[in-house]
file model12.txt (compact mmCIF, C-alpha atoms and all ligand atoms)
# COMPACT_ATOMS: atom_id res chain seq x y z
CA MET C 6 -6.64 -1.37 -12.70
CA TYR C 7 -4.53 -1.35 -9.54
CA LEU C 8 -2.25 1.62 -10.15
CA GLN C 9 -4.36 4.23 -8.36
CA GLY C 10 -2.05 6.08 -5.97
CA LYS C 11 0.87 3.71 -6.57
CA HIS C 12 4.39 5.10 -6.54
CA ILE C 13 6.03 4.01 -9.75
CA LEU C 14 9.73 4.55 -10.31
CA LEU C 15 10.21 4.56 -14.07
CA GLY C 16 13.77 3.89 -15.20
CA VAL C 17 14.61 4.93 -18.74
CA THR C 18 17.75 3.51 -20.32
CA GLY C 19 19.44 4.33 -23.61
CA GLY C 20 17.65 3.12 -26.70
CA ILE C 21 15.52 4.48 -29.49
CA ALA C 22 12.42 3.22 -27.62
CA ALA C 23 13.13 5.83 -24.91
CA TYR C 24 10.70 8.17 -26.68
CA LYS C 25 7.94 5.62 -26.04
CA ALA C 26 8.58 6.02 -22.32
CA CYS C 27 7.09 9.51 -22.65
CA GLU C 28 3.73 8.05 -23.61
CA LEU C 29 4.17 5.42 -20.92
CA THR C 30 4.64 8.14 -18.29
CA ARG C 31 1.42 9.79 -19.38
CA ARG C 32 -0.54 6.56 -19.38
CA LEU C 33 0.76 5.58 -15.96
CA ARG C 34 -0.46 8.90 -14.62
CA ASP C 35 -3.79 8.47 -16.39
CA ALA C 36 -4.09 5.17 -14.51
CA GLY C 37 -3.67 7.09 -11.25
CA ALA C 38 0.00 6.31 -10.58
CA ILE C 39 2.47 8.81 -9.15
CA VAL C 40 5.50 8.58 -11.40
CA ARG C 41 9.11 9.56 -10.79
CA VAL C 42 11.54 9.12 -13.65
CA VAL C 43 15.21 8.20 -13.43
CA MET C 44 17.26 8.27 -16.64
CA THR C 45 20.61 6.69 -17.35
CA ARG C 46 23.32 8.70 -19.04
CA ALA C 47 22.71 6.90 -22.33
CA ALA C 48 18.98 7.69 -22.17
CA LEU C 49 19.85 11.41 -22.20
CA GLU C 50 21.11 10.94 -25.76
CA PHE C 51 17.58 10.07 -26.89
CA VAL C 52 15.13 12.14 -24.82
CA THR C 53 15.52 15.21 -22.63
CA PRO C 54 14.83 15.11 -18.91
CA LEU C 55 12.59 18.13 -19.42
CA SER C 56 10.10 15.99 -21.39
CA PHE C 57 9.80 13.53 -18.51
CA GLN C 58 9.70 16.29 -15.95
CA ALA C 59 6.76 17.87 -17.74
CA LEU C 60 4.98 14.54 -18.20
CA SER C 61 5.57 13.16 -14.71
CA GLY C 62 5.20 16.43 -12.85
CA HIS C 63 8.38 15.70 -10.88
CA PRO C 64 12.05 16.55 -11.38
CA VAL C 65 13.96 13.82 -13.22
CA ARG C 66 17.01 12.26 -11.60
CA THR C 67 20.02 11.11 -13.57
CA ASP C 68 23.00 11.19 -11.20
CA LEU C 69 23.84 9.18 -8.17
CA PHE C 70 26.07 11.93 -6.84
CA ASP C 71 23.78 14.91 -7.34
CA GLU C 72 24.08 16.90 -4.12
CA GLN C 73 21.04 19.03 -4.77
CA ALA C 74 18.76 16.12 -5.61
CA GLU C 75 20.08 14.07 -2.69
CA ALA C 76 19.23 16.94 -0.37
CA GLY C 77 15.61 16.64 -1.57
CA MET C 78 14.86 12.94 -1.77
CA GLY C 79 17.96 10.82 -1.24
CA HIS C 80 18.44 7.74 -3.40
CA ILE C 81 17.69 5.31 -0.58
CA GLU C 82 14.56 7.26 0.21
CA LEU C 83 13.61 7.11 -3.48
CA ALA C 84 14.18 3.35 -3.49
CA ARG C 85 11.90 3.03 -0.45
CA TRP C 86 9.33 5.38 -1.95
CA ALA C 87 8.69 3.06 -4.90
CA ASP C 88 5.81 0.57 -4.83
CA ALA C 89 7.21 -0.86 -8.07
CA VAL C 90 10.19 -0.18 -10.31
CA LEU C 91 9.73 -0.42 -14.08
CA VAL C 92 12.70 -0.09 -16.40
CA ALA C 93 11.32 0.76 -19.85
CA PRO C 94 13.00 0.61 -22.21
CA CYS C 95 15.57 -1.73 -20.73
CA SER C 96 18.67 -1.99 -22.93
CA ALA C 97 20.81 -5.12 -23.32
CA ASP C 98 23.51 -3.33 -21.38
CA PHE C 99 21.21 -2.49 -18.50
CA MET C 100 19.99 -6.09 -18.36
CA ALA C 101 23.61 -7.20 -18.10
CA ARG C 102 24.29 -4.69 -15.34
CA LEU C 103 21.19 -5.77 -13.44
CA ALA C 104 22.14 -9.41 -13.80
CA ALA C 105 25.62 -8.64 -12.49
CA GLY C 106 24.23 -6.66 -9.56
CA ARG C 107 26.10 -3.49 -10.51
CA ALA C 108 25.46 -0.23 -8.68
CA ASP C 109 27.55 2.21 -10.66
CA ASP C 110 24.85 4.70 -11.53
CA LEU C 111 21.64 5.94 -9.98
CA LEU C 112 19.20 3.58 -11.71
CA SER C 113 21.19 0.40 -11.09
CA THR C 114 21.69 1.45 -7.47
CA LEU C 115 17.97 2.03 -7.03
CA CYS C 116 17.17 -1.38 -8.54
CA LEU C 117 19.49 -2.97 -5.96
CA ALA C 118 18.35 -0.85 -3.05
CA SER C 119 14.59 -1.24 -3.52
CA ASP C 120 12.65 -4.20 -2.24
CA ALA C 121 9.67 -3.24 -4.40
CA PRO C 122 8.78 -5.52 -7.33
CA LEU C 123 11.05 -4.89 -10.33
CA ALA C 124 9.88 -5.19 -13.92
CA ILE C 125 11.80 -4.59 -17.12
CA ALA C 126 10.62 -4.00 -20.66
CA PRO C 127 13.54 -5.04 -22.88
CA ALA C 128 14.00 -3.15 -26.14
CA MET C 129 16.88 -3.84 -28.50
CA ASN C 130 17.92 -5.11 -31.88
CA ARG C 131 16.74 -8.69 -32.50
CA GLN C 132 20.29 -10.08 -32.68
CA MET C 133 21.18 -8.48 -29.38
CA TRP C 134 18.05 -9.99 -27.80
CA ALA C 135 18.75 -13.41 -29.28
CA ASN C 136 22.39 -13.36 -28.19
CA ALA C 137 23.18 -16.08 -25.69
CA ALA C 138 24.55 -13.52 -23.23
CA THR C 139 21.28 -11.55 -23.21
CA GLN C 140 19.22 -14.71 -22.97
CA ALA C 141 21.31 -15.88 -20.02
CA ASN C 142 20.76 -12.50 -18.34
CA ARG C 143 17.04 -12.76 -18.99
CA ASP C 144 16.95 -16.20 -17.38
CA ALA C 145 19.00 -15.06 -14.40
CA LEU C 146 16.77 -12.03 -13.82
CA GLY C 147 13.60 -14.08 -14.26
CA ALA C 148 14.87 -16.64 -11.74
CA ARG C 149 15.40 -13.81 -9.25
CA GLY C 150 11.79 -12.73 -9.53
CA VAL C 151 12.22 -9.83 -11.95
CA SER C 152 9.14 -9.53 -14.18
CA ILE C 153 10.10 -9.41 -17.84
CA PHE C 154 7.54 -7.67 -20.01
CA GLY C 155 8.11 -8.57 -23.64
CA PRO C 156 9.78 -7.87 -25.93
CA ALA C 157 7.35 -7.99 -28.84
CA SER C 158 8.07 -9.04 -32.39
CA GLY C 159 7.86 -6.70 -35.32
CA GLU C 160 9.58 -4.12 -37.37
CA GLN C 161 12.52 -2.51 -35.61
CA ALA C 162 13.96 0.98 -35.73
CA CYS C 163 17.12 -0.49 -37.25
CA GLY C 164 15.11 -1.73 -40.24
CA GLU C 165 15.20 -5.40 -39.27
CA THR C 166 12.18 -7.47 -38.28
CA GLY C 167 12.15 -9.77 -35.28
CA GLU C 168 11.85 -10.03 -31.52
CA GLY C 169 13.15 -7.03 -29.60
CA ARG C 170 10.57 -4.25 -29.83
CA MET C 171 9.41 -2.72 -26.58
CA LEU C 172 5.80 -3.55 -25.69
CA GLU C 173 3.33 -0.74 -26.31
CA ALA C 174 2.69 1.66 -23.43
CA ALA C 175 -0.89 0.46 -22.90
CA GLU C 176 0.24 -3.13 -22.52
CA LEU C 177 3.04 -2.18 -20.13
CA VAL C 178 0.56 -0.31 -17.94
CA GLU C 179 -1.67 -3.37 -17.84
CA ARG C 180 1.19 -5.74 -17.01
CA LEU C 181 2.50 -3.44 -14.29
CA SER C 182 -0.96 -3.13 -12.81
CA ALA C 183 -1.26 -6.92 -12.74
CA LEU C 184 1.81 -7.09 -10.48
CA PHE C 185 -0.34 -5.67 -7.70
CA ALA C 186 -3.17 -8.16 -8.22
CA THR C 187 -1.98 -11.08 -6.12
CA GLY C 188 -5.17 -13.16 -5.99
CA ALA C 189 -4.23 -14.24 -2.44
CA LEU C 190 -7.78 -13.53 -1.22
CA ALA C 191 -9.61 -14.50 -4.41
CA GLY C 192 -13.14 -15.70 -3.72
CA ARG C 193 -13.13 -14.35 -0.14
CA THR C 194 -15.27 -11.61 1.35
CA VAL C 195 -13.53 -9.26 3.73
CA LEU C 196 -15.09 -6.77 6.14
CA ILE C 197 -12.85 -4.01 7.48
CA SER C 198 -13.74 -1.46 10.12
CA ALA C 199 -11.87 1.82 9.76
CA GLY C 200 -11.55 5.36 11.06
CA PRO C 201 -12.64 6.91 14.33
CA THR C 202 -16.09 6.90 15.86
CA ARG C 203 -17.93 9.94 17.16
CA GLU C 204 -19.86 9.66 20.39
CA ALA C 205 -22.43 12.41 20.74
CA LEU C 206 -22.58 14.54 23.87
CA ASP C 207 -25.34 16.78 22.64
CA PRO C 208 -26.65 17.81 19.21
CA VAL C 209 -23.43 19.68 18.33
CA ARG C 210 -20.60 18.02 20.30
CA TYR C 211 -18.94 14.65 20.32
CA LEU C 212 -16.01 12.64 21.72
CA SER C 213 -13.67 11.23 19.10
CA ASN C 214 -9.98 10.50 18.40
CA ARG C 215 -7.22 11.29 15.91
CA SER C 216 -7.59 8.23 13.69
CA SER C 217 -7.37 9.23 10.02
CA GLY C 218 -8.65 5.89 8.72
CA ARG C 219 -5.59 5.52 6.46
CA MET C 220 -4.57 2.08 7.70
CA GLY C 221 -8.09 0.64 7.30
CA TYR C 222 -8.49 2.20 3.85
CA ALA C 223 -5.07 0.91 2.76
CA LEU C 224 -6.10 -2.54 3.95
CA ALA C 225 -9.35 -2.30 1.99
CA GLU C 226 -7.39 -1.47 -1.13
CA ALA C 227 -4.83 -4.22 -0.53
CA ALA C 228 -7.58 -6.79 0.10
CA ARG C 229 -9.31 -5.69 -3.10
CA GLU C 230 -6.04 -6.09 -5.00
CA ALA C 231 -5.68 -9.53 -3.49
CA GLY C 232 -8.95 -10.43 -5.21
CA ALA C 233 -11.38 -10.16 -2.29
CA ARG C 234 -14.86 -8.63 -2.23
CA VAL C 235 -14.41 -5.85 0.29
CA LEU C 236 -16.88 -4.19 2.65
CA LEU C 237 -15.57 -1.16 4.50
CA VAL C 238 -17.49 0.02 7.56
CA SER C 239 -16.08 3.46 8.12
CA GLY C 240 -16.33 6.19 10.70
CA PRO C 241 -16.09 9.81 9.48
CA VAL C 242 -12.83 10.32 7.56
CA ALA C 243 -11.61 12.55 4.74
CA LEU C 244 -10.57 9.74 2.39
CA PRO C 245 -11.99 8.65 -0.97
CA THR C 246 -13.54 5.19 -1.20
CA PRO C 247 -11.01 2.79 -2.75
CA ARG C 248 -12.11 1.61 -6.17
CA GLY C 249 -14.26 -1.51 -6.15
CA VAL C 250 -14.88 -1.35 -2.39
CA GLU C 251 -18.36 -1.13 -0.81
CA ARG C 252 -18.28 1.58 1.86
CA ILE C 253 -20.83 1.73 4.66
CA GLU C 254 -20.68 4.99 6.61
CA VAL C 255 -21.33 5.18 10.33
CA GLU C 256 -20.64 7.63 13.13
CA SER C 257 -20.92 6.06 16.55
CA ALA C 258 -19.53 2.82 18.00
CA ALA C 259 -23.11 1.55 18.33
CA GLN C 260 -23.78 2.24 14.64
CA MET C 261 -20.49 0.59 13.71
CA PHE C 262 -21.44 -2.45 15.78
CA ASP C 263 -24.83 -2.71 14.03
CA ALA C 264 -23.34 -2.20 10.54
CA VAL C 265 -20.69 -4.86 11.12
CA MET C 266 -23.15 -7.37 12.56
CA ALA C 267 -25.62 -6.79 9.71
CA ARG C 268 -23.04 -8.08 7.22
CA ILE C 269 -20.87 -10.44 9.28
CA ASP C 270 -22.52 -13.63 8.04
CA GLU C 271 -21.26 -12.91 4.49
CA VAL C 272 -17.69 -12.60 5.61
CA ASP C 273 -14.60 -14.87 5.59
CA LEU C 274 -12.27 -12.33 7.19
CA PHE C 275 -12.89 -9.47 9.61
CA ILE C 276 -10.18 -6.87 10.23
CA GLY C 277 -10.89 -4.42 13.05
CA ALA C 278 -8.82 -1.42 12.04
CA ALA C 279 -11.18 1.19 13.44
CA ALA C 280 -10.24 3.25 16.46
CA VAL C 281 -13.55 2.63 18.18
CA ALA C 282 -14.27 4.84 21.17
CA ASP C 283 -14.07 2.70 24.29
CA TYR C 284 -16.47 4.98 26.18
CA ARG C 285 -19.41 7.16 25.23
CA PRO C 286 -21.50 9.65 27.20
CA ALA C 287 -23.98 7.71 29.33
CA ALA C 288 -26.70 10.13 28.30
CA VAL C 289 -26.90 12.28 25.20
CA ALA C 290 -28.32 15.70 25.99
CA GLY C 291 -31.35 16.50 23.84
CA GLN C 292 -30.36 20.18 23.69
CA LYS C 293 -26.98 21.87 23.46
CA ILE C 294 -25.33 21.78 26.89
CA LYS C 295 -25.14 25.34 28.25
CA LYS C 296 -22.18 26.63 30.21
CA THR C 297 -23.69 27.35 33.58
CA ALA C 298 -21.72 25.61 36.30
CA SER C 299 -17.97 26.28 36.68
CA GLN C 300 -17.24 22.57 36.36
CA LEU C 301 -18.88 19.89 34.31
CA THR C 302 -18.48 16.16 34.91
CA LEU C 303 -19.32 13.76 32.13
CA GLU C 304 -20.48 10.29 32.92
CA LEU C 305 -19.22 7.76 30.38
CA GLU C 306 -20.21 4.17 29.75
CA ARG C 307 -18.45 1.40 27.80
CA THR C 308 -19.22 0.89 24.15
CA PRO C 309 -19.77 -2.61 22.76
CA ASP C 310 -16.51 -4.32 21.75
CA ILE C 311 -17.11 -5.06 18.07
CA LEU C 312 -13.98 -7.14 17.59
CA ALA C 313 -14.67 -9.39 20.59
CA ALA C 314 -18.30 -9.76 19.54
CA VAL C 315 -17.29 -10.89 16.04
CA ALA C 316 -14.76 -13.35 17.49
CA ALA C 317 -17.43 -14.76 19.82
CA ARG C 318 -19.76 -15.72 16.97
CA GLU C 319 -20.18 -19.30 15.89
CA PRO C 320 -19.36 -19.92 13.09
CA ARG C 321 -16.97 -16.99 12.85
CA PRO C 322 -14.75 -15.46 10.22
CA PHE C 323 -10.95 -15.26 10.55
CA VAL C 324 -10.56 -12.33 12.96
CA VAL C 325 -7.71 -9.83 12.97
CA GLY C 326 -7.48 -7.03 15.51
CA PHE C 327 -5.26 -4.02 15.97
CA ALA C 328 -3.59 -2.85 19.13
CA ALA C 329 -2.07 0.53 19.82
CA GLU C 330 0.45 0.29 22.61
CA THR C 331 2.88 2.66 24.26
CA GLN C 332 4.78 0.02 26.28
CA ASP C 333 5.30 -3.75 26.61
CA LEU C 334 4.03 -4.18 23.06
CA GLU C 335 4.23 -7.97 22.80
CA ALA C 336 2.81 -8.73 26.25
CA HIS C 337 -0.18 -6.41 25.78
CA ALA C 338 -0.80 -7.53 22.21
CA ARG C 339 -0.68 -11.23 23.13
CA ASP C 340 -2.98 -10.58 26.06
CA LYS C 341 -5.50 -8.94 23.69
CA LEU C 342 -5.08 -11.81 21.21
CA SER C 343 -6.12 -14.41 23.76
CA ARG C 344 -8.62 -12.30 25.74
CA LYS C 345 -10.61 -11.40 22.62
CA HIS C 346 -10.08 -14.82 20.98
CA LEU C 347 -8.50 -13.35 17.86
CA ASP C 348 -6.69 -15.27 15.13
CA MET C 349 -4.14 -12.52 14.68
CA ILE C 350 -3.27 -9.13 16.10
CA ALA C 351 -1.31 -6.29 14.50
CA ALA C 352 0.27 -4.07 17.11
CA ASN C 353 1.78 -0.67 16.62
CA ASP C 354 3.90 1.36 18.88
CA VAL C 355 2.20 4.72 19.33
CA SER C 356 4.62 5.99 21.93
CA ALA C 357 6.55 8.50 19.81
CA GLY C 358 4.20 10.05 17.28
CA ARG C 359 3.86 6.77 15.38
CA GLY C 360 0.76 4.96 14.23
CA PHE C 361 -1.99 7.55 14.48
CA ASP C 362 -2.62 10.14 11.77
CA VAL C 363 0.80 9.66 10.12
CA GLU C 364 1.80 8.38 6.66
CA ASP C 365 4.28 5.68 7.66
CA ASN C 366 3.92 2.91 10.16
CA ALA C 367 5.47 -0.34 11.35
CA LEU C 368 3.63 -3.35 12.76
CA GLU C 369 4.41 -6.29 14.99
CA VAL C 370 2.02 -9.09 14.12
CA PHE C 371 1.28 -11.94 16.53
CA TRP C 372 -0.73 -15.14 16.30
CA ALA C 373 -0.94 -18.09 18.67
CA ASP C 374 2.31 -19.73 17.67
CA GLY C 375 4.04 -17.11 15.60
CA HIS C 376 5.20 -13.58 15.08
CA ALA C 377 6.24 -11.33 12.17
CA SER C 378 7.76 -7.85 12.10
CA LEU C 379 6.66 -5.58 9.28
CA PRO C 380 9.17 -2.72 9.19
CA GLN C 381 8.49 1.01 8.92
CA GLN C 382 7.05 1.84 5.49
CA SER C 383 4.09 3.54 3.86
CA LYS C 384 0.69 2.36 5.07
CA ALA C 385 -0.09 1.18 1.52
CA ARG C 386 2.89 -1.17 1.45
CA LEU C 387 2.37 -2.21 5.03
CA ALA C 388 -1.23 -3.08 4.22
CA ARG C 389 -0.17 -5.25 1.29
CA GLU C 390 2.29 -7.13 3.49
CA LEU C 391 -0.28 -7.60 6.23
CA VAL C 392 -2.87 -8.86 3.75
CA ALA C 393 -0.32 -11.33 2.34
CA LEU C 394 0.46 -12.52 5.87
CA ILE C 395 -3.24 -12.90 6.73
CA ALA C 396 -3.96 -14.74 3.47
CA GLY C 397 -1.08 -17.11 4.22
CA ARG C 398 -2.43 -17.86 7.72
CA MET C 399 -5.98 -18.29 6.42
CA SER C 400 -4.90 -20.88 3.91
CA GLY C 401 -2.81 -22.61 6.58
CA ALA C 402 0.54 -21.73 5.01
N1 LIG C 501 -12.30 -2.51 18.98
C1 LIG C 501 -13.59 -2.76 18.62
N2 LIG C 501 -14.63 -2.25 19.35
C2 LIG C 501 -14.39 -1.49 20.45
C3 LIG C 501 -13.08 -1.22 20.82
C4 LIG C 501 -12.05 -1.74 20.07
O1 LIG C 501 -13.81 -3.45 17.63
N3 LIG C 501 -15.43 -1.02 21.13
C5 LIG C 501 -11.19 -3.09 18.21
C6 LIG C 501 -10.35 -2.12 17.42
O2 LIG C 501 -10.85 -1.96 16.11
C7 LIG C 501 -8.99 -2.79 17.44
C8 LIG C 501 -8.96 -3.44 18.79
O3 LIG C 501 -10.31 -3.68 19.13
O4 LIG C 501 -8.91 -3.82 16.44
C9 LIG C 501 -8.31 -2.60 19.81
O5 LIG C 501 -8.57 -3.14 21.04
P1 LIG C 501 -8.73 -2.27 22.37
O6 LIG C 501 -9.03 -3.22 23.47
O7 LIG C 501 -9.61 -1.13 22.16
O8 LIG C 501 -7.30 -1.80 22.52
P2 LIG C 501 -6.65 -0.45 22.74
O9 LIG C 501 -7.65 0.65 22.64
O10 LIG C 501 -5.51 -0.40 21.80
O11 LIG C 501 -6.07 -0.61 24.17
P3 LIG C 501 -6.62 -0.87 25.65
O12 LIG C 501 -7.27 -2.21 25.69
O13 LIG C 501 -5.34 -0.84 26.37
O14 LIG C 501 -7.56 0.23 25.95
call {"tool": "encode", "arguments": {"input": "model12.txt", "output": "structure tokens"}}
result
Amino acid sequence: MYLQGKHILLGVTGGIAAYKACELTRRLRDAGAIVRVVMTRAALEFVTPLSFQALSGHPVRTDLFDEQAEAGMGHIELARWADAVLVAPCSADFMARLAAGRADDLLSTLCLASDAPLAIAPAMNRQMWANAATQANRDALGARGVSIFGPASGEQACGETGEGRMLEAAELVERLSALFATGALAGRTVLISAGPTREALDPVRYLSNRSSGRMGYALAEAAREAGARVLLVSGPVALPTPRGVERIEVESAAQMFDAVMARIDEVDLFIGAAAVADYRPAAVAGQKIKKTASQLTLELERTPDILAAVAAREPRPFVVGFAAETQDLEAHARDKLSRKHLDMIAANDVSAGRGFDVEDNALEVFWADGHASLPQQSKARLARELVALIAGRMSGA
């Protein structure tokens, strides 16, 4: 199941199957998804927004021009928030509007404005489904990459029997979850370093940094979704271990180095997402350092460079590093790429409160003869894009 923590925008259109979207909302949340519901005007004739508000735990949006709602989360923001959009039930009319690219209500606008995967679960009378117009819309949407879940065959609310019933909630949850399972790293083992390190000064003090570990953890999750076996060597962070990921906890740069090297021979891909301390105290005091002198000078020494050490191995995995830069991003990143003999480097601009300990991020990715810009978005989405990019490079695409 890949829906843990995913932002799912559930669109409900007008049809008797709208009541089934209530169960769907509950099941999506049971699967760990965060669900926001948008209803069309016609859907309001079948179910009340209050039901979805109670089930999703979030206010339900129905209008494009709702000043109050726009003041909270604007529709473009909502479109960007979504990791996937599922329209269930999707009426014949809504299919036609999607196919035509209309944006005359909130849900159709969101479908146009979001670059997240879009799935629809058609539900309608069998004649309406079989109609050449609907079939042409289905084909057009399918050709544009819209995932079409169902419909199923069976008895219909109108008393007829045939194809047009909405798939059951459990099946929709499974299909939606499968959208996140790309298989791009199937059969590969990935090792990711994440989080900060702590370099002890004495038994109670250490030097560390503000890394939250979010980027590394998001990468671990994305690599897992892409079908990889994932090892996560992590400094101290306050994040849960992503499902299906083997987490190895360390504190210092030296411990991280040892933990990475102990497993590196199993690995096809190494991603150095940790903010490893570059220096550590040259000597660790055996007892707590007392405040006696008016000034205290610490002597620091370099820590081992884990990323460079992995890249220097023979044979070596595909090696991806990170770079945090405040100026001349490309020049510094490319210098790091060649100096450390990396296959790829993902650079972020940390000049203005970006990159470290924040939810959103943007990355500039460089490799010997190429470059890609991954725009500002949640670290979860960014991680999926970076994993897709890495998988493409690894397979020589
Ligand atoms: N890294 C590492 N081991 C270290 C230091 C860094 O594996 N001892 C990895 C990080 O995980 C990251 C990359 O190297 O992938 C960052 O490189 P680094 O040279 O530390 O760059 P910055 O700290 O961003 O910058 P600078 O070189 O300018 O200090």
call {"tool": "atom_distance", "arguments": {"input": "model12.txt", "atom1": "atom CA of C:His12", "atom2": "atom CA of C:Glu254"}}
result
28.3 Å
call {"tool": "closest_atom_pairs", "arguments": {"input": "model12.txt", "of": "chain C", "to": "ligand LIG 501 (chain C)", "cutoff": "7 Å", "atoms": "only C-alpha atoms and all ligand atoms", "output": "tab-separated table"}}
result
residue	atom	partner	partner_atom	distance
C:Ser198	CA	C:LIG501	O2	6.7
C:Ala258	CA	C:LIG501	N3	6.4
C:Gly277	CA	C:LIG501	O2	3.9
C:Ala278	CA	C:LIG501	O2	4.6
C:Ala279	CA	C:LIG501	O2	4.1
C:Ala280	CA	C:LIG501	O2	5.3
C:Val281	CA	C:LIG501	C3	4.7
C:Ala282	CA	C:LIG501	N3	6.0
C:Asp283	CA	C:LIG501	N3	5.1
C:Thr308	CA	C:LIG501	N3	5.2
C:Pro309	CA	C:LIG501	N3	4.9
C:Asp310	CA	C:LIG501	N3	3.5
C:Ile311	CA	C:LIG501	O1	3.7
C:Leu312	CA	C:LIG501	O1	3.7
C:Ala313	CA	C:LIG501	O1	6.7
C:Gly326	CA	C:LIG501	O4	3.6
C:Phe327	CA	C:LIG501	O4	3.7
C:Ala328	CA	C:LIG501	O10	4.1
C:Ala329	CA	C:LIG501	O10	4.1
C:Glu330	CA	C:LIG501	O10	6.1
C:Lys341	CA	C:LIG501	O6	6.7
call {"tool": "closest_residue", "arguments": {"input": "model12.txt", "among": "C:Leu303, C:Ala298, C:Ala393, C:Val65", "to": "C:Leu190", "atoms": "only C-alpha atoms"}}
result
C:Ala393
call {"tool": "closest_residue", "arguments": {"input": "model12.txt", "among": "C:Val325, C:Ala314, C:Met349, C:Leu60", "to": "C:Gly221", "atoms": "only C-alpha atoms"}}
result
C:Val325
call {"tool": "residues_around", "arguments": {"input": "model12.txt", "residues": "C:Ala89", "least_positions_apart": "6", "cutoff": "12 Å", "atoms": "all atoms listed in the file", "output": "VMD selection string"}}
result
chain C and resid 7 to 8 10 to 16 38 to 41 83 115 to 116 119 to 125 151 to 152 178 180 to 185 386
call {"tool": "atom_distance", "arguments": {"input": "model12.txt", "atom1": "atom CA of C:Thr114", "atom2": "atom CA of C:Leu49"}}
result
17.9 Å
call {"tool": "residues_around", "arguments": {"input": "model12.txt", "residues": "stretch 134-148 of chain C", "least_positions_apart": "4", "cutoff": "7 Å", "atoms": "only C-alpha atoms", "output": "PyMOL selection string"}}
result
chain C and resi 97+100-101+104+129-130+152-153+169
call {"tool": "atom_distance", "arguments": {"input": "model12.txt", "atom1": "atom CA of C:Ala317", "atom2": "atom CA of C:Tyr222"}}
result
25.0 Å
call {"tool": "residues_around", "arguments": {"input": "model12.txt", "residues": "C:Gly401", "least_positions_apart": "4", "cutoff": "12 Å", "atoms": "all atoms listed in the file", "output": "list in words"}}
result
Phe323, Asp348, Leu394, Ile395, Ala396 and Gly397 of chain C
call {"tool": "closest_atom_pairs", "arguments": {"input": "model12.txt", "of": "stretch 252-292 of chain C", "to": "stretch 201-216 of chain C", "cutoff": "9 Å", "atoms": "all atoms listed in the file", "output": "CSV"}}
result
residue,atom,partner,partner_atom,distance
C:Val255,CA,C:Thr202,CA,7.8
C:Glu256,CA,C:Thr202,CA,5.4
C:Ser257,CA,C:Arg203,CA,4.9
C:Ala258,CA,C:Thr202,CA,5.7
C:Ala259,CA,C:Glu204,CA,9.0
C:Met261,CA,C:Thr202,CA,8.0
C:Ala279,CA,C:Pro201,CA,6.0
C:Ala280,CA,C:Pro201,CA,4.9
C:Val281,CA,C:Thr202,CA,5.5
C:Ala282,CA,C:Thr202,CA,6.0
C:Tyr284,CA,C:Glu204,CA,8.2
C:Arg285,CA,C:Glu204,CA,5.5
C:Pro286,CA,C:Leu206,CA,6.0
C:Ala287,CA,C:Leu206,CA,8.9
C:Ala288,CA,C:Leu206,CA,7.5
C:Val289,CA,C:Leu206,CA,5.1
C:Ala290,CA,C:Asp207,CA,4.6
C:Gly291,CA,C:Asp207,CA,6.1
C:Gln292,CA,C:Asp207,CA,6.2
call {"tool": "closest_residue", "arguments": {"input": "model12.txt", "among": "C:Ala23, C:Ala191, C:Met266, C:Val235", "to": "C:Arg170", "atoms": "all atoms listed in the file"}}
result
C:Ala23
call {"tool": "residues_near_point", "arguments": {"input": "model12.txt", "point": "(-18.4, -19.4, 12.9)", "cutoff": "12 Å", "atoms": "all atoms listed in the file", "output": "list in words"}}
result
Ile269, Asp270, Glu271, Val272, Asp273, Leu274, Phe275, Ala314, Val315, Ala316, Ala317, Arg318, Glu319, Pro320, Arg321, Pro322, Phe323 and Val324 of chain C
call {"tool": "residues_near_point", "arguments": {"input": "model12.txt", "point": "(-7.9, 10.6, 9.4)", "cutoff": "6 Å", "atoms": "only C-alpha atoms", "output": "VMD selection string"}}
result
chain C and resid 216 to 218 242 362
call {"tool": "closest_residue", "arguments": {"input": "model12.txt", "among": "C:Arg398, C:Val195, C:Asn366, C:Thr246", "to": "C:Gln9", "atoms": "only C-alpha atoms"}}
result
C:Thr246
call {"tool": "residues_around", "arguments": {"input": "model12.txt", "residues": "C:Gln58", "least_positions_apart": "3", "cutoff": "12 Å", "atoms": "only C-alpha atoms", "output": "short mmCIF file (atom, residue, chain, number, x, y, z; two decimals) with C-alpha atoms, in the frame of the given file"}}
result
data_model
loop_
_atom_site.label_atom_id
_atom_site.label_comp_id
_atom_site.auth_asym_id
_atom_site.auth_seq_id
_atom_site.Cartn_x
_atom_site.Cartn_y
_atom_site.Cartn_z
CA LEU C 15 10.21 4.56 -14.07
CA CYS C 27 7.09 9.51 -22.65
CA THR C 30 4.64 8.14 -18.29
CA ARG C 31 1.42 9.79 -19.38
CA VAL C 40 5.50 8.58 -11.40
CA ARG C 41 9.11 9.56 -10.79
CA VAL C 42 11.54 9.12 -13.65
CA VAL C 43 15.21 8.20 -13.43
CA MET C 44 17.26 8.27 -16.64
CA VAL C 52 15.13 12.14 -24.82
CA THR C 53 15.52 15.21 -22.63
CA PRO C 54 14.83 15.11 -18.91
CA LEU C 55 12.59 18.13 -19.42
CA SER C 61 5.57 13.16 -14.71
CA GLY C 62 5.20 16.43 -12.85
CA HIS C 63 8.38 15.70 -10.88
CA PRO C 64 12.05 16.55 -11.38
CA VAL C 65 13.96 13.82 -13.22
CA ARG C 66 17.01 12.26 -11.60
CA THR C 67 20.02 11.11 -13.57
#
call {"tool": "residues_around", "arguments": {"input": "model12.txt", "residues": "C:Met220", "least_positions_apart": "6", "cutoff": "8 Å", "atoms": "only C-alpha atoms", "output": "mmCIF file with C-alpha atoms, in the coordinates of the input"}}
result
data_model
loop_
_atom_site.group_PDB
_atom_site.id
_atom_site.type_symbol
_atom_site.label_atom_id
_atom_site.label_comp_id
_atom_site.auth_asym_id
_atom_site.auth_seq_id
_atom_site.Cartn_x
_atom_site.Cartn_y
_atom_site.Cartn_z
ATOM 1 C CA ALA C 199 -11.870 1.820 9.760
ATOM 2 C CA ALA C 278 -8.820 -1.420 12.040
ATOM 3 C CA LYS C 384 0.690 2.360 5.070
ATOM 4 C CA ALA C 385 -0.090 1.180 1.520
ATOM 5 C CA ALA C 388 -1.230 -3.080 4.220
#
